[in-house]
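Asks: Sharing a structure below in C-alpha cells format, with a few things to ask.
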Amino acid sequence: VACHIWQERMRDSTRRENLARNIFMEHLVKVYGHEVRGMRRALDPDGDFSFTRLTLRRYCRNVNLKINIRDLWRALDRDDDGFVRFEEINVRAAVALASLQDWAAKDPTLRSCTGIWDKSEMGIRGSCLKRMSTSTFTKVLKRMGWPGIADQETRVMVIASLDLLGCGMITRSDLEWLDKW
C-alpha cells in the first residue's frame with residue numbers, strides 16, 4: 001500500500017511539473033516567439049547561458065505568470081545543480097547551435113562564429129554591416145558550406161535562436177553570444 005501511494009505521488013508530481021513546464025514554454029513562445037529568444041532577452045540577458053531559481057521567480061512575478069515555481073523549477077533544472085542551463089530550455093536548439101559553433105571553430109578560415117560574420121562582411125558591399133537579414137545569413141552559411149544548412153529543422157532552430165529581437169535580423173553580437181557558450 002505504501003509503495004502504491006508513493007508511486008501515485010510521483011506520478012502526480014511529474015504531471016504537475018510537466019504542466020508547469022508546458023505553460024512556461026508556451027508563455028515564452030507567445031511573448032518572445034521562441035524559447036531561446038525568451039531566455040536570452042528575459043532570463044539571461046548577460047549571456048551566461050543559465051539562470052537561477054531566484055531569476056525565474058522574479059520573472060514569473062514580474063510578468064504575472066500564475067505558475068507553481070517549485071514544480072516549474074523541478075521540471076527545468078533536471079540535473080538539480082541549482083541552474084537552468086541553455087540546453088535544459090531547448091535541447092534541439094542547443095544541438096543545432098552547437099553544430100554551427102563546432103563547424104565554425106574547426107574551419108581554419110573562420111575559427112569562431114564571429115568569423116562567419118567577418119568573412120561574410122568581406123563579400124558584401126559596404127563592409128561595415130550592423131545587421132544582416134536572416135535570409136542573407138542563411139545564404140552566407142550555405143555559401144560557406146555549413147552542413148547543417150541542408151536540414152530545415154536545424155536551420156530554423158539556429159536562425160530563430162540567433163535572431164534576438166525576432167525581427168528577421170542577425171547581428172555580430174548574436175554570433176559573439178554563441179561564441180561565449
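In the C-alpha cells, chains take letters A, B, ... by order of appearance, with residues numbered from 1 within each chain and ligands from 1 in the order shown.
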Find the spatial neighbours of Ala96 of chain A, counting only C-alpha atoms, within a cut-off of 7 Å - ignore same-chain residues fewer than 6 positions away - and output them as a list in words.
Replies: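 My reading of the contact set: Thr154, Met157 and Val158 of chain A.
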Asks: Output N, CA, C and O atoms of each residue in that selection to a file, as a short mmCIF file (atom, residue, chain, number, x, y, z; two decimals), in the first residue's frame.
Replies:
data_model
loop_
_atom_site.label_atom_id
_atom_site.label_comp_id
_atom_site.auth_asym_id
_atom_site.auth_seq_id
_atom_site.Cartn_x
_atom_site.Cartn_y
_atom_site.Cartn_z
N THR A 154 17.21 22.11 -38.28
CA THR A 154 18.45 22.67 -37.74
C THR A 154 18.59 24.13 -38.15
O THR A 154 18.88 25.00 -37.32
N MET A 157 16.07 26.32 -36.28
CA MET A 157 16.47 26.45 -34.87
C MET A 157 17.61 27.46 -34.71
O MET A 157 17.58 28.29 -33.80
N VAL A 158 18.60 27.37 -35.56
CA VAL A 158 19.75 28.28 -35.48
C VAL A 158 19.31 29.71 -35.74
O VAL A 158 19.64 30.62 -34.96
#
Asks: List every residue of chain A that DSSP, applied to the backbone of this structure, assigns to strand (DSSP E), and report them as a compact mmCIF listing (two decimals) with N, CA, C and O atoms, in the first residue's frame.
Replies:
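Wrote it out as states_37.txt, contents follow:
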# COMPACT_ATOMS: atom_id res chain seq x y z
N SER A 50 22.68 30.45 -18.52
CA SER A 50 21.99 29.81 -17.40
C SER A 50 21.30 30.88 -16.56
O SER A 50 21.58 32.07 -16.70
N PHE A 51 20.38 30.43 -15.72
CA PHE A 51 19.73 31.34 -14.78
C PHE A 51 19.37 30.56 -13.52
O PHE A 51 19.36 29.33 -13.51
N VAL A 84 19.33 26.55 -14.35
CA VAL A 84 18.72 26.06 -15.58
C VAL A 84 19.64 26.53 -16.69
O VAL A 84 19.86 27.72 -16.87
N ARG A 85 20.21 25.58 -17.35
CA ARG A 85 21.16 25.88 -18.42
C ARG A 85 20.42 25.93 -19.76
O ARG A 85 19.35 25.37 -19.92
N MET A 132 22.27 41.79 -40.54
CA MET A 132 22.09 41.06 -41.78
C MET A 132 20.74 40.36 -41.70
O MET A 132 20.40 39.80 -40.65
N SER A 133 19.98 40.38 -42.75
CA SER A 133 18.69 39.69 -42.73
C SER A 133 18.93 38.19 -42.55
O SER A 133 19.98 37.66 -42.92
N MET A 169 16.54 39.63 -38.29
CA MET A 169 17.89 40.17 -38.42
C MET A 169 18.86 39.46 -37.49
O MET A 169 18.51 39.10 -36.37
N ILE A 170 20.07 39.28 -37.98
CA ILE A 170 21.16 38.71 -37.19
C ILE A 170 22.23 39.80 -37.11
O ILE A 170 22.49 40.50 -38.09
Asks: Contacts of Glu17 of chain A at 8 Å or less, counting only C-alpha atoms, minus same-chain residues fewer than 6 places along, as a list in words?
Replies: Asp71, Leu72, Arg74 and Ala75 of chain A
Asks: Closest to Phe86 of chain A among A:Ser13, A:Ser173, A:Thr114, A:Thr52, using only C-alpha atoms?
Replies: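 Counting only C-alpha atoms, the residue closest to Phe86 of chain A is A:Thr52.
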Asks: In Å to one decimal, how far is atom CA of Asp174 of chain A from atom CA of His27 of chain A?
Replies: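 Straight-line distance from atom CA of His27 of chain A to atom CA of Asp174 of chain A works out to 22.8 Å.
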Asks: Just the residues within 12 Å of Val95 of chain A, please, counting only C-alpha atoms, with nothing from its chain fewer than 4 positions along; format it as an mmCIF file with N, CA and C atoms, in the first residue's frame.
Replies:
data_model
loop_
_atom_site.group_PDB
_atom_site.id
_atom_site.type_symbol
_atom_site.label_atom_id
_atom_site.label_comp_id
_atom_site.auth_asym_id
_atom_site.auth_seq_id
_atom_site.Cartn_x
_atom_site.Cartn_y
_atom_site.Cartn_z
ATOM 1 N N PHE A 86 21.057 26.596 -20.681
ATOM 2 C CA PHE A 86 20.525 26.769 -22.026
ATOM 3 C C PHE A 86 20.018 25.446 -22.606
ATOM 4 N N GLU A 87 20.796 24.391 -22.444
ATOM 5 C CA GLU A 87 20.439 23.091 -23.008
ATOM 6 C C GLU A 87 19.166 22.521 -22.382
ATOM 7 N N GLU A 88 18.861 22.929 -21.153
ATOM 8 C CA GLU A 88 17.671 22.425 -20.483
ATOM 9 C C GLU A 88 16.399 23.136 -20.958
ATOM 10 N N ILE A 89 16.552 24.283 -21.574
ATOM 11 C CA ILE A 89 15.398 25.017 -22.107
ATOM 12 C C ILE A 89 14.956 24.429 -23.443
ATOM 13 N N ASN A 90 15.908 24.196 -24.345
ATOM 14 C CA ASN A 90 15.565 23.666 -25.661
ATOM 15 C C ASN A 90 16.744 22.841 -26.177
ATOM 16 N N VAL A 91 16.666 21.546 -25.979
ATOM 17 C CA VAL A 91 17.758 20.650 -26.357
ATOM 18 C C VAL A 91 18.023 20.702 -27.862
ATOM 19 N N SER A 99 26.236 22.562 -33.356
ATOM 20 C CA SER A 99 26.773 22.096 -34.640
ATOM 21 C C SER A 99 27.342 23.261 -35.447
ATOM 22 N N LEU A 100 26.672 24.408 -35.402
ATOM 23 C CA LEU A 100 27.194 25.589 -36.086
ATOM 24 C C LEU A 100 28.493 26.052 -35.433
ATOM 25 N N GLN A 101 28.480 26.103 -34.114
ATOM 26 C CA GLN A 101 29.654 26.559 -33.371
ATOM 27 C C GLN A 101 30.847 25.631 -33.616
ATOM 28 N N ASP A 102 30.622 24.332 -33.578
ATOM 29 C CA ASP A 102 31.691 23.357 -33.796
ATOM 30 C C ASP A 102 32.261 23.471 -35.205
ATOM 31 N N GLY A 148 24.814 21.895 -41.685
ATOM 32 C CA GLY A 148 23.507 21.967 -41.053
ATOM 33 C C GLY A 148 22.481 22.737 -41.852
ATOM 34 N N GLU A 153 15.012 21.728 -40.006
ATOM 35 C CA GLU A 153 14.801 21.926 -38.563
ATOM 36 C C GLU A 153 16.032 22.569 -37.919
ATOM 37 N N THR A 154 17.211 22.109 -38.281
ATOM 38 C CA THR A 154 18.451 22.674 -37.743
ATOM 39 C C THR A 154 18.591 24.132 -38.153
ATOM 40 N N ARG A 155 18.358 24.396 -39.426
ATOM 41 C CA ARG A 155 18.470 25.761 -39.950
ATOM 42 C C ARG A 155 17.505 26.710 -39.231
ATOM 43 N N MET A 157 16.074 26.317 -36.276
ATOM 44 C CA MET A 157 16.474 26.452 -34.868
ATOM 45 C C MET A 157 17.607 27.456 -34.705
ATOM 46 N N VAL A 158 18.602 27.371 -35.564
ATOM 47 C CA VAL A 158 19.752 28.281 -35.480
ATOM 48 C C VAL A 158 19.314 29.715 -35.737
ATOM 49 N N SER A 161 17.092 31.104 -32.933
ATOM 50 C CA SER A 161 17.854 31.304 -31.695
ATOM 51 C C SER A 161 18.784 32.501 -31.783
#
Asks: So which residues of segment 108-179 of chain A fall under helix (DSSP H, G or I) by DSSP, listed as a PyMOL selection string?
Replies: chain A and resi 113-122+134-144+147-150+152-162+172-179
Asks: Quick one: pull the distance between atom CA of Asp48 of chain A and atom CA of Trp177 of chain A, Å, one decimal.
Replies: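 These two atoms are separated by 9.0 Å.
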Asks: Would you mind listing what lies within 12 Å of Asp179 of chain A as number ranges by chain, with only C-alpha atoms counted and same-chain residues fewer than 3 positions away left out?
Replies: A: 47-49, 97-98, 100-105, 110-117, 162, 172-176
Asks: Suppose you want the space between atom CA of Lys66 of chain A and atom CA of Arg21 of chain A; what is it in Å?
Replies: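 Atom-to-atom, atom CA of Lys66 of chain A to atom CA of Arg21 of chain A, that is 12.3 Å.
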Asks: Tell me which of A:Ile5, A:Ile69, A:Leu164, A:Ala20 sits closest to Leu54 of chain A, counting only C-alpha atoms.
Replies: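 The closest residue to Leu54 of chain A is A:Ile69.
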